[in-house]
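Engineer: Next comes entry_24.cif, mmCIF, C-alpha atoms:
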```
data_model
loop_
_atom_site.label_atom_id
_atom_site.label_comp_id
_atom_site.auth_asym_id
_atom_site.auth_seq_id
_atom_site.Cartn_x
_atom_site.Cartn_y
_atom_site.Cartn_z
CA MET A 1 -22.79 -2.41 4.96
CA SER A 2 -19.83 -4.77 5.20
CA GLU A 3 -16.38 -3.40 5.97
CA ILE A 4 -14.07 -3.12 2.95
CA LYS A 5 -11.03 -5.36 3.41
CA LYS A 6 -8.02 -4.00 1.57
CA LYS A 7 -4.67 -5.77 1.87
CA LYS A 8 -2.72 -3.90 -0.80
CA SER A 9 -2.70 -0.58 -2.66
CA LEU A 10 -4.63 -0.52 -5.93
CA ALA A 11 -2.00 1.82 -7.39
CA SER A 12 0.59 -0.95 -7.08
CA LEU A 13 -1.52 -3.59 -8.84
CA HIS A 14 0.34 -3.15 -12.14
CA LYS A 15 3.68 -4.06 -10.54
CA ASP A 16 2.36 -7.32 -9.12
CA ILE A 17 0.60 -8.25 -12.35
CA LYS A 18 3.74 -7.53 -14.40
CA THR A 19 5.71 -9.84 -12.10
CA ILE A 20 3.13 -12.57 -12.66
CA ARG A 21 3.22 -12.06 -16.44
CA GLN A 22 7.01 -12.31 -16.49
CA ARG A 23 7.01 -15.55 -14.51
CA LYS A 24 7.86 -18.44 -16.80
CA PRO A 25 7.21 -22.17 -16.36
CA SER A 26 9.95 -24.35 -14.92
CA ALA A 27 12.18 -26.51 -17.14
CA LEU A 28 10.22 -29.56 -15.93
CA GLN A 29 6.87 -28.02 -16.94
CA ILE A 30 8.26 -27.12 -20.36
CA GLU A 31 9.57 -30.66 -20.76
CA GLU A 32 6.14 -32.07 -19.86
CA LEU A 33 4.47 -29.79 -22.41
CA SER A 34 6.98 -30.80 -25.08
CA LYS A 35 6.31 -34.47 -24.36
CA VAL A 36 2.56 -34.01 -24.78
CA LEU A 37 3.02 -32.07 -28.03
CA ASP A 38 5.43 -34.67 -29.34
CA LYS A 39 3.08 -37.51 -28.41
CA GLU A 40 0.20 -35.77 -30.19
CA SER A 41 2.38 -35.35 -33.25
CA GLN A 42 3.37 -39.04 -33.27
CA LYS A 43 -0.24 -40.08 -32.73
CA ASP A 44 -1.22 -38.04 -35.74
CA LYS A 45 1.49 -39.53 -37.93
CA ARG A 46 0.43 -43.08 -36.95
CA ARG A 47 -3.22 -42.39 -37.71
CA ILE A 48 -2.38 -40.93 -41.10
CA ALA A 49 -0.26 -44.01 -41.86
CA ARG A 50 -3.13 -46.36 -40.84
CA ALA A 51 -5.83 -44.47 -42.73
CA PRO A 52 -6.98 -46.27 -45.91
CA GLU A 53 -6.46 -44.44 -49.15
CA VAL A 54 -9.60 -42.79 -50.41
CA GLU A 55 -10.33 -43.01 -54.11
CA SER A 56 -11.25 -39.68 -55.58
CA MET B 57 -27.45 16.50 -14.32
CA GLY B 58 -24.01 15.00 -13.91
CA GLN B 59 -20.76 16.59 -14.96
CA VAL B 60 -17.37 15.62 -16.37
CA ILE B 61 -14.49 16.23 -13.96
CA PRO B 62 -10.93 16.33 -15.35
CA PHE B 63 -8.27 14.16 -13.67
CA SER B 64 -6.29 17.33 -12.87
CA ASP B 65 -9.12 18.63 -10.65
CA VAL B 66 -9.63 15.46 -8.63
CA GLU B 67 -8.37 16.87 -5.32
CA ASN B 68 -10.78 19.84 -5.35
CA TYR B 69 -13.63 17.63 -6.46
CA VAL B 70 -13.12 14.91 -3.83
CA GLN B 71 -12.54 17.40 -1.02
CA SER B 72 -15.77 19.15 -1.96
CA LEU B 73 -17.65 15.83 -1.85
CA GLN B 74 -16.10 14.93 1.50
CA LYS B 75 -17.28 18.23 2.97
CA SER B 76 -20.84 17.85 1.70
CA GLN B 77 -21.37 14.08 1.81
CA GLY B 78 -18.65 12.51 3.97
CA LYS B 79 -17.48 9.20 2.55
CA VAL B 80 -16.48 9.27 -1.12
CA ARG B 81 -17.01 6.19 -3.28
CA SER B 82 -16.15 5.66 -6.93
CA ILE B 83 -16.84 3.06 -9.61
CA LEU B 84 -13.94 1.89 -11.80
CA ASP B 85 -14.72 1.32 -15.46
CA THR B 86 -13.06 -1.70 -17.11
CA ASN B 87 -10.84 0.52 -19.27
CA VAL B 88 -9.41 2.09 -16.08
CA LEU B 89 -8.55 -1.33 -14.65
CA ALA B 90 -6.96 -2.34 -17.97
CA SER B 91 -4.96 0.91 -18.29
CA LEU B 92 -3.89 0.64 -14.67
CA THR B 93 -2.42 -2.82 -15.18
CA TYR B 94 -1.08 -2.77 -18.75
CA GLU B 95 1.94 -0.53 -19.17
CA VAL B 96 1.51 -0.34 -22.95
CA LYS B 97 -1.77 1.61 -22.67
CA PRO B 98 -1.31 5.32 -23.46
CA ASN B 99 -3.11 6.37 -20.25
CA HIS B 100 -1.22 3.95 -17.99
CA GLU B 101 0.88 6.46 -16.06
CA PHE B 102 -1.98 8.94 -15.72
CA ILE B 103 -4.21 6.24 -14.27
CA VAL B 104 -1.59 4.95 -11.81
CA ASP B 105 -1.07 8.53 -10.61
CA LEU B 106 -4.81 9.18 -10.36
CA VAL B 107 -5.49 6.00 -8.36
CA LEU B 108 -2.66 6.87 -5.98
CA ARG B 109 -4.13 10.35 -5.43
CA LEU B 110 -7.59 8.87 -4.81
CA GLU B 111 -6.16 6.33 -2.36
CA ASN B 112 -4.36 9.13 -0.52
CA MET B 113 -7.76 10.83 -0.10
CA ASP B 114 -9.28 7.58 1.23
CA VAL B 115 -11.71 7.11 -1.66
CA ASP B 116 -13.29 3.63 -1.84
CA PHE B 117 -13.31 1.70 -5.11
CA PHE B 118 -16.21 -0.25 -6.53
CA ALA B 119 -16.75 -2.06 -9.83
CA THR B 120 -19.46 -4.07 -11.49
CA ILE B 121 -19.26 -7.84 -11.92
CA ASN B 122 -19.08 -7.18 -15.68
CA ALA B 123 -15.98 -5.02 -15.20
CA LYS B 124 -14.25 -7.81 -13.28
CA GLN B 125 -15.17 -10.33 -15.98
CA GLU B 126 -13.88 -8.01 -18.73
CA PHE B 127 -10.69 -7.32 -16.76
CA ILE B 128 -9.88 -11.01 -16.30
CA ASP B 129 -10.73 -11.64 -19.95
CA PHE B 130 -8.35 -8.86 -21.01
CA HIS B 131 -5.53 -10.52 -19.04
CA ARG B 132 -6.46 -13.95 -20.44
CA ARG B 133 -5.87 -12.65 -23.98
CA LEU B 134 -2.72 -10.80 -22.89
CA LEU B 135 -1.23 -13.91 -21.23
CA LEU B 136 -2.09 -16.08 -24.22
CA THR B 137 -0.54 -13.53 -26.61
CA GLU B 138 2.68 -13.09 -24.65
CA ASN B 139 3.15 -16.80 -23.99
CA LEU B 140 2.30 -17.95 -27.51
CA LEU B 141 4.83 -15.45 -28.82
CA ASP B 142 7.35 -16.77 -26.29
CA ILE B 143 7.05 -20.34 -27.50
CA VAL B 144 7.62 -19.43 -31.16
CA ASP B 145 10.77 -17.58 -30.12
CA THR B 146 13.86 -19.13 -31.67
CA HIS B 147 15.34 -19.89 -28.24
CA THR B 148 12.36 -21.88 -27.01
CA LYS B 149 12.61 -25.60 -26.28
CA VAL B 150 8.91 -26.15 -26.94
CA LYS B 151 8.23 -27.71 -30.34
CA ILE B 152 4.82 -26.74 -31.61
CA PRO B 153 3.27 -27.78 -34.94
CA LYS B 154 4.54 -25.84 -37.93
CA GLU B 155 1.00 -24.70 -38.82
CA ALA B 156 0.45 -23.28 -35.32
CA LYS B 157 3.74 -21.42 -35.50
CA GLN B 158 2.70 -19.91 -38.85
CA GLU B 159 -0.70 -18.90 -37.43
CA ILE B 160 0.95 -17.20 -34.42
CA GLN B 161 3.35 -15.32 -36.69
CA LYS B 162 0.46 -14.29 -38.96
CA ALA B 163 -1.58 -13.06 -35.97
CA TYR B 164 1.45 -11.20 -34.60
CA ALA B 165 2.00 -9.39 -37.91
CA SER B 166 -1.68 -8.42 -37.91
CA ILE B 167 -1.75 -7.02 -34.35
CA MET B 168 1.47 -5.09 -34.88
CA SER B 169 0.12 -3.58 -38.09
CA ARG B 170 -3.12 -2.53 -36.34
CA ASN B 171 -1.09 -1.19 -33.44
CA LYS B 172 0.92 0.96 -35.83
CA THR B 173 -2.02 2.26 -37.82
CA HIS B 174 -4.77 2.47 -35.17
CA GLY B 175 -2.87 2.40 -31.89
CA SER B 176 -4.81 -0.68 -30.80
CA ASP B 177 -3.46 -3.03 -28.12
CA PRO B 178 -0.89 -5.52 -29.49
CA ILE B 179 -2.97 -8.40 -28.14
CA PHE B 180 -4.55 -11.30 -30.03
CA ASN B 181 -8.31 -11.15 -30.39
CA ASP B 182 -10.52 -14.18 -29.83
CA THR B 183 -10.80 -15.01 -33.52
CA GLN B 184 -7.00 -15.17 -33.79
CA ILE B 185 -6.72 -17.26 -30.62
CA LYS B 186 -9.28 -19.72 -32.00
CA GLU B 187 -7.35 -20.00 -35.29
CA ILE B 188 -4.12 -20.70 -33.39
CA LYS B 189 -5.85 -23.25 -31.17
CA ARG B 190 -7.21 -25.04 -34.25
CA GLU B 191 -3.69 -25.40 -35.67
CA PHE B 192 -2.16 -26.43 -32.37
CA SER B 193 -2.82 -30.10 -32.94
CA ALA B 194 -0.20 -31.66 -35.15
CA GLY B 195 -2.76 -32.47 -37.79
CA SER B 196 -6.38 -33.19 -38.49
CA HIS B 197 -6.25 -36.54 -36.68
CA SER B 198 -4.70 -35.56 -33.35
CA GLY B 199 -6.55 -34.46 -30.25
CA GLN B 200 -6.49 -31.27 -28.25
CA LEU B 201 -4.13 -32.44 -25.49
CA GLY B 202 -1.34 -30.14 -26.67
CA TRP B 203 -3.47 -27.02 -26.41
CA LEU B 204 -4.89 -28.12 -23.04
CA LYS B 205 -1.38 -28.69 -21.69
CA PHE B 206 -0.28 -25.32 -23.03
CA CYS B 207 -3.16 -23.60 -21.16
CA GLU B 208 -2.38 -25.57 -18.00
CA THR B 209 1.29 -24.54 -18.19
CA TYR B 210 1.10 -20.94 -19.37
CA LEU B 211 -2.35 -19.62 -18.48
CA LYS B 212 -3.90 -21.21 -15.42
CA PRO B 213 -1.33 -20.33 -12.71
CA GLN B 214 -0.88 -16.77 -13.91
CA LEU B 215 -4.55 -15.94 -14.37
CA LEU B 216 -5.51 -17.32 -10.96
CA ASP B 217 -2.78 -15.20 -9.36
CA ILE B 218 -3.92 -12.07 -11.23
CA GLU B 219 -7.44 -12.59 -9.91
CA GLN B 220 -6.05 -12.98 -6.38
CA GLU B 221 -4.03 -9.77 -6.71
CA LEU B 222 -7.19 -7.95 -7.74
CA GLU B 223 -9.06 -9.41 -4.77
CA ASP B 224 -6.36 -8.16 -2.39
CA ARG B 225 -7.15 -4.57 -3.45
CA GLY B 226 -10.50 -4.61 -1.67
CA ILE B 227 -12.59 -3.54 -4.64
CA VAL B 228 -16.28 -4.14 -3.95
CA TYR B 229 -18.21 -5.74 -6.82
CA LEU B 230 -21.64 -4.22 -6.72
CA SER B 231 -24.44 -6.74 -6.52
CA PRO B 232 -28.00 -5.71 -5.62
CA ASN B 233 -28.74 -9.34 -4.73
CA ASP B 234 -26.09 -9.47 -1.99
CA SER B 235 -27.77 -8.64 1.32
CA ASN B 236 -24.40 -7.52 2.76
CA GLN B 237 -24.34 -4.76 0.15
CA ALA B 238 -27.77 -3.31 0.85
CA GLY B 239 -26.14 -0.18 2.23
CA TYR B 240 -24.35 0.49 -1.05
CA PHE B 241 -27.62 0.90 -2.97
CA THR B 242 -30.07 3.77 -2.94
CA ALA B 243 -33.85 3.50 -3.13
CA THR B 244 -33.58 3.53 -6.94
CA PRO B 245 -33.91 -0.12 -7.96
CA LEU B 246 -31.65 -1.62 -10.62
CA ARG B 247 -33.94 -2.27 -13.59
CA TRP B 248 -33.21 -3.69 -17.03
CA SER B 249 -35.58 -1.16 -18.56
CA ASP B 250 -33.45 1.72 -17.22
CA ALA B 251 -30.29 0.21 -18.72
CA ILE B 252 -32.05 -0.22 -22.07
CA ASP B 253 -33.23 3.41 -21.87
CA VAL B 254 -29.58 4.50 -21.46
CA THR B 255 -28.56 2.40 -24.46
CA CYS B 256 -31.41 3.79 -26.57
CA LEU B 257 -30.53 7.38 -25.67
CA THR B 258 -27.05 7.40 -27.24
CA GLY B 259 -26.54 3.94 -28.73
CA ILE B 260 -23.82 2.92 -26.26
CA SER B 261 -23.23 -0.75 -25.49
CA MET B 262 -25.42 -2.52 -22.95
CA THR B 263 -22.27 -3.21 -20.90
CA ASP B 264 -21.65 0.54 -20.57
CA ALA B 265 -25.35 1.21 -19.99
CA MET B 266 -25.40 -1.32 -17.16
CA ILE B 267 -22.39 0.35 -15.53
CA LEU B 268 -24.16 3.72 -15.69
CA ASN B 269 -27.34 2.15 -14.37
CA CYS B 270 -25.37 0.67 -11.48
CA LEU B 271 -23.88 4.11 -10.80
CA ARG B 272 -27.39 5.57 -10.73
CA SER B 273 -28.64 3.03 -8.17
CA SER B 274 -25.53 2.94 -5.96
CA VAL B 275 -24.21 5.30 -3.30
CA CYS B 276 -21.11 5.96 -5.45
CA GLN B 277 -20.84 9.61 -6.41
CA PHE B 278 -18.88 9.15 -9.62
CA ILE B 279 -17.37 6.77 -12.13
CA ILE B 280 -13.79 6.87 -13.43
CA SER B 281 -13.49 6.13 -17.15
CA THR B 282 -11.34 6.78 -20.19
CA ASP B 283 -14.23 6.00 -22.54
CA PHE B 284 -15.44 9.21 -24.18
CA ASP B 285 -18.76 7.57 -25.12
CA LEU B 286 -19.51 6.74 -21.50
CA GLY B 287 -19.05 10.40 -20.56
CA PHE B 288 -21.23 11.38 -23.50
CA ALA B 289 -24.02 9.03 -22.34
CA LEU B 290 -23.81 10.29 -18.76
CA LEU B 291 -24.16 13.92 -19.86
CA ALA B 292 -26.94 13.09 -22.30
CA ASP B 293 -29.02 11.46 -19.56
CA SER B 294 -30.38 14.41 -17.59
CA SER B 295 -31.93 12.06 -15.02
CA LEU B 296 -28.50 10.72 -14.03
CA ASN B 297 -27.28 13.02 -11.29
CA LYS B 298 -23.79 11.48 -10.97
CA ASP B 299 -20.40 12.53 -12.32
CA VAL B 300 -17.65 11.01 -14.43
CA LEU B 301 -13.93 11.52 -13.86
CA MET B 302 -12.12 11.57 -17.20
CA PRO B 303 -8.72 12.45 -18.70
CA ASP B 304 -8.21 16.19 -19.20
CA LYS B 305 -8.16 15.84 -22.99
CA ASP B 306 -11.69 14.37 -22.91
CA TYR B 307 -12.84 17.04 -20.48
CA LYS B 308 -11.65 19.70 -22.94
CA GLU B 309 -13.48 17.95 -25.78
CA PHE B 310 -16.73 17.95 -23.79
CA ARG B 311 -16.61 21.75 -23.58
CA HIS B 312 -17.78 21.75 -27.21
CA TYR B 313 -20.98 19.93 -26.20
CA HIS B 314 -23.82 21.77 -24.52
CA PHE B 315 -26.10 19.14 -23.08
CA SER B 316 -27.61 21.42 -20.44
CA GLN B 317 -29.19 23.60 -23.18
CA HIS B 318 -31.33 20.72 -24.51
#
```
Please lay out the structure from this file as structure tokens.

Structural biologist:
Amino acid sequence: MSEIKKKKSLASLHKDIKTIRQRKPSALQIEELSKVLDKESQKDKRRIARAPEVES
Amino acid sequence: MGQVIPFSDVENYVQSLQKSQGKVRSILDTNVLASLTYEVKPNHEFIVDLVLRLENMDVDFFATINAKQEFIDFHRRLLLTENLLDIVDTHTKVKIPKEAKQEIQKAYASIMSRNKTHGSDPIFNDTQIKEIKREFSAGSHSGQLGWLKFCETYLKPQLLDIEQELEDRGIVYLSPNDSNQAGYFTATPLRWSDAIDVTCLTGISMTDAMILNCLRSSVCQFIISTDFDLGFALLADSSLNKDVLMPDKDYKEFRHYHFSQH
């Protein structure tokens, strides 16, 4: 039977998890995300513009 | 047969086990891990207090692999919910597609309504998350890079850290195939047929049946749960000579049932 290795109290787990949940991305990470979303949006607009009209 | 022990009687119960059996070991049900770590859950404070009392009595904690998977999955949905709501906040600098914003707002209205009427967790379910993900691309022609970047930014670092925090608590995940854990299992082998028998007895989920089956085959004396149905299944199975620690309100409810007479 292996020895149980316990570094922290289980009763305090909620405090550490709440801290993690409240941690927000840096301004740089948000800027990178915005760039990707913007690029996707532009890509979409270009493809729509290039798409041939379909006769109904 | 096993018995239901109310949270309020945990000291007497554990001390009695320590006198008769020495080391006391318990299995944590997924709902206990979720209530312990999500302050919105009605049982949150009771569970934190209970775990502290058990730790003070040097009780060891075990869980099944399924419980760990369900726990991480719960926090995945919670992180996605909180962070998606953050980015549709009026103060955010992140510009997401209009359709995605509408889908997030629609999902939010739905979870808040269900929270008000049924008391359910204000967390997006997987169907809602999939709908939001589908709208995350700017339109039908764009790729999925936006959603992938969102997950990389808002989900990955947090979820990995949550898993690490859980690991630091020294919970043992019961696995009959791990030779290092041989001492945690009794002579009763872990069989699928036994789990199916538990399911067939009361109609509980296979996930719950597998937890009870693991309890049966392990050296743990009891399971801690806030799921009434799990307590019901444990009492209904006269061959399961283990106990379940439950909130006092459930314990009182079980007094109306008389399993021992059947």

Engineer: At most 8 Å is the cut-off: for each residue in chain B with any atom that close to an atom of chain A, write down the nearest atom pair and the distance in Å rounded to one decimal, counting all atoms listed in the file, chain first then increasing number, as JSON lines.

Structural biologist:
```
{"residue": "B:Leu92", "atom": "CA", "partner": "A:His14", "partner_atom": "CA", "distance": 6.2}
{"residue": "B:Thr93", "atom": "CA", "partner": "A:His14", "partner_atom": "CA", "distance": 4.1}
{"residue": "B:Tyr94", "atom": "CA", "partner": "A:His14", "partner_atom": "CA", "distance": 6.8}
{"residue": "B:Glu95", "atom": "CA", "partner": "A:His14", "partner_atom": "CA", "distance": 7.7}
{"residue": "B:Val104", "atom": "CA", "partner": "A:Ala11", "partner_atom": "CA", "distance": 5.4}
{"residue": "B:Asp105", "atom": "CA", "partner": "A:Ala11", "partner_atom": "CA", "distance": 7.5}
{"residue": "B:Val107", "atom": "CA", "partner": "A:Ala11", "partner_atom": "CA", "distance": 5.5}
{"residue": "B:Leu108", "atom": "CA", "partner": "A:Ala11", "partner_atom": "CA", "distance": 5.3}
{"residue": "B:Glu111", "atom": "CA", "partner": "A:Ser9", "partner_atom": "CA", "distance": 7.7}
{"residue": "B:Leu135", "atom": "CA", "partner": "A:Arg21", "partner_atom": "CA", "distance": 6.8}
{"residue": "B:Lys149", "atom": "CA", "partner": "A:Ile30", "partner_atom": "CA", "distance": 7.5}
{"residue": "B:Val150", "atom": "CA", "partner": "A:Ser34", "partner_atom": "CA", "distance": 5.4}
{"residue": "B:Lys151", "atom": "CA", "partner": "A:Ser34", "partner_atom": "CA", "distance": 6.2}
{"residue": "B:Ile152", "atom": "CA", "partner": "A:Leu37", "partner_atom": "CA", "distance": 6.7}
{"residue": "B:Pro153", "atom": "CA", "partner": "A:Ser41", "partner_atom": "CA", "distance": 7.8}
{"residue": "B:Ser193", "atom": "CA", "partner": "A:Glu40", "partner_atom": "CA", "distance": 7.0}
{"residue": "B:Ala194", "atom": "CA", "partner": "A:Ser41", "partner_atom": "CA", "distance": 4.9}
{"residue": "B:Gly195", "atom": "CA", "partner": "A:Asp44", "partner_atom": "CA", "distance": 6.1}
{"residue": "B:Ser196", "atom": "CA", "partner": "A:Asp44", "partner_atom": "CA", "distance": 7.6}
{"residue": "B:His197", "atom": "CA", "partner": "A:Asp44", "partner_atom": "CA", "distance": 5.3}
{"residue": "B:Ser198", "atom": "CA", "partner": "A:Asp44", "partner_atom": "CA", "distance": 4.9}
{"residue": "B:Gly199", "atom": "CA", "partner": "A:Glu40", "partner_atom": "CA", "distance": 6.9}
{"residue": "B:Leu201", "atom": "CA", "partner": "A:Val36", "partner_atom": "CA", "distance": 6.9}
{"residue": "B:Gly202", "atom": "CA", "partner": "A:Leu37", "partner_atom": "CA", "distance": 5.0}
{"residue": "B:Lys205", "atom": "CA", "partner": "A:Leu33", "partner_atom": "CA", "distance": 6.0}
{"residue": "B:Phe206", "atom": "CA", "partner": "A:Leu33", "partner_atom": "CA", "distance": 6.6}
{"residue": "B:Thr209", "atom": "CA", "partner": "A:Pro25", "partner_atom": "CA", "distance": 6.6}
{"residue": "B:Tyr210", "atom": "CA", "partner": "A:Pro25", "partner_atom": "CA", "distance": 6.9}
{"residue": "B:Gln214", "atom": "CA", "partner": "A:Ile20", "partner_atom": "CA", "distance": 5.9}
{"residue": "B:Asp217", "atom": "CA", "partner": "A:Ile20", "partner_atom": "CA", "distance": 7.3}
{"residue": "B:Ile218", "atom": "CA", "partner": "A:Ile17", "partner_atom": "CA", "distance": 6.0}
{"residue": "B:Glu221", "atom": "CA", "partner": "A:Leu13", "partner_atom": "CA", "distance": 7.0}
{"residue": "B:Leu222", "atom": "CA", "partner": "A:Leu13", "partner_atom": "CA", "distance": 7.2}
{"residue": "B:Asp224", "atom": "CA", "partner": "A:Lys7", "partner_atom": "CA", "distance": 5.2}
{"residue": "B:Arg225", "atom": "CA", "partner": "A:Lys6", "partner_atom": "CA", "distance": 5.1}
{"residue": "B:Gly226", "atom": "CA", "partner": "A:Lys6", "partner_atom": "CA", "distance": 4.1}
{"residue": "B:Ile227", "atom": "CA", "partner": "A:Lys6", "partner_atom": "CA", "distance": 7.7}
{"residue": "B:Val228", "atom": "CA", "partner": "A:Ile4", "partner_atom": "CA", "distance": 7.3}
{"residue": "B:Asn236", "atom": "CA", "partner": "A:Met1", "partner_atom": "CA", "distance": 5.8}
{"residue": "B:Gln237", "atom": "CA", "partner": "A:Met1", "partner_atom": "CA", "distance": 5.6}
{"residue": "B:Ala238", "atom": "CA", "partner": "A:Met1", "partner_atom": "CA", "distance": 6.5}
{"residue": "B:Gly239", "atom": "CA", "partner": "A:Met1", "partner_atom": "CA", "distance": 4.9}
{"residue": "B:Tyr240", "atom": "CA", "partner": "A:Met1", "partner_atom": "CA", "distance": 6.9}
```

Engineer: Could you check which of B:Lys79, B:Arg170, B:Lys162, B:His147 is closest to Asp116 (chain B), using all atoms listed in the file?

Structural biologist: B:Lys79

Engineer: Which residue, B:Ile188, B:Leu141, B:Leu73, B:Ala165, has the smallest gap to Gln200 (chain B) when you use all atoms listed in the file?

Structural biologist: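 Ranking B:Ile188, B:Leu141, B:Leu73, B:Ala165 by distance to Gln200 (chain B), first place goes to B:Ile188.
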
Engineer: Please measure the separation of CA of Lys124 (chain B) and CA of Thr86 (chain B), giving the value in Å to one decimal.

Structural biologist: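 For CA of Lys124 (chain B) relative to CA of Thr86 (chain B), the distance reads 7.3 Å.
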
Engineer: Would you compute the distance between CA of Ser166 (chain B) and CA of Arg190 (chain B)? Give it in Å to one decimal.

Structural biologist: 17.9 Å

Engineer: Hey, can you check how far CA of Val66 (chain B) sits from CA of Thr263 (chain B)?

Structural biologist: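 Between CA of Val66 (chain B) and CA of Thr263 (chain B) the gap works out to 25.7 Å.
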
Engineer: Tell me which of B:Ser176, B:Gln220, B:Phe118, B:Gln184 sits closest to Tyr164 (chain B), counting all atoms listed in the file.

Structural biologist: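 Residue with the minimum atom-to-atom distance to Tyr164 (chain B): B:Gln184.
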
Engineer: Could you tell me which residues the PyMOL selection byres ((chain B and resi 291) around 9) grabs in this file, written as an mmCIF file with C-alpha atoms, in the frame of the given file?

Structural biologist:
```cif
data_model
loop_
_atom_site.group_PDB
_atom_site.id
_atom_site.type_symbol
_atom_site.label_atom_id
_atom_site.label_comp_id
_atom_site.auth_asym_id
_atom_site.auth_seq_id
_atom_site.Cartn_x
_atom_site.Cartn_y
_atom_site.Cartn_z
ATOM 1 C CA MET B 57 -27.450 16.500 -14.320
ATOM 2 C CA GLY B 58 -24.010 15.000 -13.910
ATOM 3 C CA GLN B 59 -20.760 16.590 -14.960
ATOM 4 C CA VAL B 60 -17.370 15.620 -16.370
ATOM 5 C CA LEU B 286 -19.510 6.740 -21.500
ATOM 6 C CA GLY B 287 -19.050 10.400 -20.560
ATOM 7 C CA PHE B 288 -21.230 11.380 -23.500
ATOM 8 C CA ALA B 289 -24.020 9.030 -22.340
ATOM 9 C CA LEU B 290 -23.810 10.290 -18.760
ATOM 10 C CA ALA B 292 -26.940 13.090 -22.300
ATOM 11 C CA ASP B 293 -29.020 11.460 -19.560
ATOM 12 C CA SER B 294 -30.380 14.410 -17.590
ATOM 13 C CA LEU B 296 -28.500 10.720 -14.030
ATOM 14 C CA ASP B 299 -20.400 12.530 -12.320
ATOM 15 C CA VAL B 300 -17.650 11.010 -14.430
ATOM 16 C CA PHE B 315 -26.100 19.140 -23.080
ATOM 17 C CA SER B 316 -27.610 21.420 -20.440
#
```

Engineer: Can you list, as an mmCIF file with C-alpha atoms, in the frame of the given file, every protein, DNA or RNA residue that comes within 12 Å of Gln125 (chain B) when you count only C-alpha atoms, leaving out same-chain residues fewer than 2 positions away?

Structural biologist:
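The resulting file, selection.cif, is shown below:
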```cif
data_model
loop_
_atom_site.group_PDB
_atom_site.id
_atom_site.type_symbol
_atom_site.label_atom_id
_atom_site.label_comp_id
_atom_site.auth_asym_id
_atom_site.auth_seq_id
_atom_site.Cartn_x
_atom_site.Cartn_y
_atom_site.Cartn_z
ATOM 1 C CA ASP B 85 -14.720 1.320 -15.460
ATOM 2 C CA THR B 86 -13.060 -1.700 -17.110
ATOM 3 C CA LEU B 89 -8.550 -1.330 -14.650
ATOM 4 C CA ALA B 90 -6.960 -2.340 -17.970
ATOM 5 C CA ALA B 119 -16.750 -2.060 -9.830
ATOM 6 C CA THR B 120 -19.460 -4.070 -11.490
ATOM 7 C CA ILE B 121 -19.260 -7.840 -11.920
ATOM 8 C CA ASN B 122 -19.080 -7.180 -15.680
ATOM 9 C CA ALA B 123 -15.980 -5.020 -15.200
ATOM 10 C CA PHE B 127 -10.690 -7.320 -16.760
ATOM 11 C CA ILE B 128 -9.880 -11.010 -16.300
ATOM 12 C CA ASP B 129 -10.730 -11.640 -19.950
ATOM 13 C CA PHE B 130 -8.350 -8.860 -21.010
ATOM 14 C CA HIS B 131 -5.530 -10.520 -19.040
ATOM 15 C CA ARG B 132 -6.460 -13.950 -20.440
ATOM 16 C CA GLU B 219 -7.440 -12.590 -9.910
ATOM 17 C CA LEU B 222 -7.190 -7.950 -7.740
ATOM 18 C CA TYR B 229 -18.210 -5.740 -6.820
ATOM 19 C CA THR B 263 -22.270 -3.210 -20.900
#
```

Engineer: For the file shown, report as a PyMOL selection string the outcome of the PyMOL selection byres ((chain B and resi 62) around 7) at residue level.

Structural biologist: chain B and resi 60-61+63-66+301-304+307

Engineer: Quick one: apply the PyMOL selection byres ((chain B and resi 275) around 10) to the file and drop the selected residues here as a list of chain:residue names.

Structural biologist: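 When the PyMOL selection byres ((chain B and resi 275) around 10) is applied to the shown file, the picked residues are B:Lys79, B:Val80, B:Arg81, B:Ser82, B:Ile83, B:Gly239, B:Tyr240, B:Phe241, B:Thr242, B:Ala243, B:Cys270, B:Leu271, B:Arg272, B:Ser273, B:Ser274, B:Cys276, B:Gln277, B:Phe278, B:Lys298.
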